[in-house]
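S.K.: Got a structure here, written out as structure tokens. Questions coming.
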Amino acid sequence: MTSYEKTSDNIWKGRTSDKELYLHEKVQCIDLEKEELTRNQNIGFSILGYECEEGVKRNQGRIGTAAAPDIIRKMMGSLSNHFQDDVNIIDIGNVKCVDDDLEKTQSFTSNKIKQVIEKEYFNVVLGGGHDLGYAHYNGLKKHLPTATIGIINLDAHFDLRVPNGKGNSGTPFYQIAKENDHFKYLCLGIQEEANNRILFETARELGVNFIKNTEFTMSHIDHIDKTLTNFINTVDYVYLSIDLDGFSSAYAPGVSAPSPFGFSPSIALHTIEKICNSKKLISADIVELNPAHDVDNCTARLAARLIYYIMKYISTL
């Protein structure tokens, strides 16, 4: 059984005004189980929560990430609203994992993603473990079955582990590769210390493009831009996944697998802008926030700002 729940209006709060000066005043909470979602006529964003840490648990990571979606919402709510009046932002609730049934949760999530994409909203999914990637991609494929969807993952890990009977937060992109004829995957920020030799061999066998964390820096922008351009030119659409454990723990201590040698927000923002500017980005998620290990909500605040940046940049294209 999988549970779905509308987001409480109380989650979105902050300073109040009579001019929608703050983001929480602009967001509308929708119950997808009870309300008909109308087709978006302007620029629209939907926000879905994935309250699931079963994949992290199976992958022997530290649990706590199921609490992430609402924490990110709280950090977003108090941000200033600089969106135009015709930009719609809807919160479409949370999918919750029940009875440790990751597979049903992923299937349910895929259907919700397909539902909002069909109504022409740009969907942002708040994880949750990176097993969300499998659900997210399948939701997009249900909507675009014949399209080539390129995955760009900002991450310290390939997440190309072979499932041991069941999937987990370390297997999503391997599962996608094995179930699709056209597997296009670019991973930025890969750390040698966090991926064993077999994972590097798997990446090469599957034709994965990647840039290591030592080169995913502002001093290598030309190489990064060229890699991004070449990859984006080979696909019809782009799905962006941001794993917060790819950032240095100086910026993101509250994650399932922290590392001091991760990348910086500056190179992440540059990369996101480059991807958005391609006009091929159709959906994004942010994963692996673990509020139980965060410090002064700084990782949650980072997640909120990254989402805000994606939406703001897309709305101005």
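Naming scheme: A, B, ... for chains in displayed order of the structure tokens; residues 1 onward per chain; ligands 1 onward as shown.
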Set the distance at 6 Å and use only C-alpha atoms: which residues neighbour range 284-293 of chain A once local chain neighbours fewer than 4 positions away are removed? I'd like the list as a PyMOL selection string.
M.R.: chain A and resi 64-65+68+124-130+239-244+254-256
S.K.: For Val208 in chain A, please output as a PyMOL selection string all residues within 6 Å (counting only C-alpha atoms; exclusion window: fewer than 4 positions along the same chain).
M.R.: chain A and resi 185+203-204
S.K.: Which neighbours of Ser78 in chain A fall inside 8 Å, counting only C-alpha atoms, when residues of the same chain fewer than 3 positions from it are skipped, and could you give them as a list in words?
M.R.: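 Counting only the stated atoms, we get Trp12, Lys13, Gly14, Arg15, Tyr22, Leu23, His24, Lys74 and Met75 of chain A.
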S.K.: Write the residues you've just listed into a file as a PDB file, in the first residue's frame, and include C-alpha atoms for each of them.
M.R.:
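again_17.pdb written:
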```pdb
ATOM      1  CA  TRP A  12       4.099  27.088   3.673  1.00  0.00           C
ATOM      2  CA  LYS A  13       4.538  30.115   5.914  1.00  0.00           C
ATOM      3  CA  GLY A  14       6.704  33.152   6.538  1.00  0.00           C
ATOM      4  CA  ARG A  15       6.311  36.914   6.598  1.00  0.00           C
ATOM      5  CA  TYR A  22       6.949  35.975  -0.229  1.00  0.00           C
ATOM      6  CA  LEU A  23       6.887  32.605  -1.914  1.00  0.00           C
ATOM      7  CA  HIS A  24       4.508  30.939   0.554  1.00  0.00           C
ATOM      8  CA  LYS A  74       9.534  25.332   5.008  1.00  0.00           C
ATOM      9  CA  MET A  75      12.851  26.755   3.831  1.00  0.00           C
TER      10      MET A  75
END
```
S.K.: List as CSV every residue of range 46-142 of chain A that is in contact with range 29-37 of chain A, defined as an atom at most 7 Å from one of its atoms (using only C-alpha atoms), together with the nearest atom pair and the distance in Å rounded to one decimal, sorted by chain and then rising number.
M.R.:
```
residue,atom,partner,partner_atom,distance
A:Ile90,CA,A:Cys29,CA,5.7
A:Asp91,CA,A:Cys29,CA,4.6
A:Ile92,CA,A:Ile30,CA,5.0
A:Gly93,CA,A:Asp31,CA,6.7
```
S.K.: Generate the output file for the selected residues, N, CA and C atoms, as a PDB file, in the first residue's frame.
M.R.:
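Writing the result to selection-v6.pdb gives the following:
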```pdb
ATOM      1  N   ILE A  90       2.176  25.235  -7.873  1.00  0.00           N
ATOM      2  CA  ILE A  90       1.254  24.404  -7.103  1.00  0.00           C
ATOM      3  C   ILE A  90       2.038  23.331  -6.346  1.00  0.00           C
ATOM      4  N   ASP A  91       1.582  23.049  -5.155  1.00  0.00           N
ATOM      5  CA  ASP A  91       2.142  21.962  -4.351  1.00  0.00           C
ATOM      6  C   ASP A  91       1.154  20.814  -4.439  1.00  0.00           C
ATOM      7  N   ILE A  92       1.595  19.683  -4.965  1.00  0.00           N
ATOM      8  CA  ILE A  92       0.671  18.575  -5.227  1.00  0.00           C
ATOM      9  C   ILE A  92       0.793  17.450  -4.205  1.00  0.00           C
ATOM     10  N   GLY A  93       1.391  17.742  -3.037  1.00  0.00           N
ATOM     11  CA  GLY A  93       1.358  16.792  -1.935  1.00  0.00           C
ATOM     12  C   GLY A  93       2.541  15.856  -1.856  1.00  0.00           C
TER      13      GLY A  93
END
```
S.K.: Give the answer as one residue: which of A:Ala147, A:Leu269, A:Leu228, A:Ile314 has the shortest atom-to-atom distance to Phe83 in chain A, using only C-alpha atoms?
M.R.: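 Closest to Phe83 in chain A, using only C-alpha atoms: A:Ile314.
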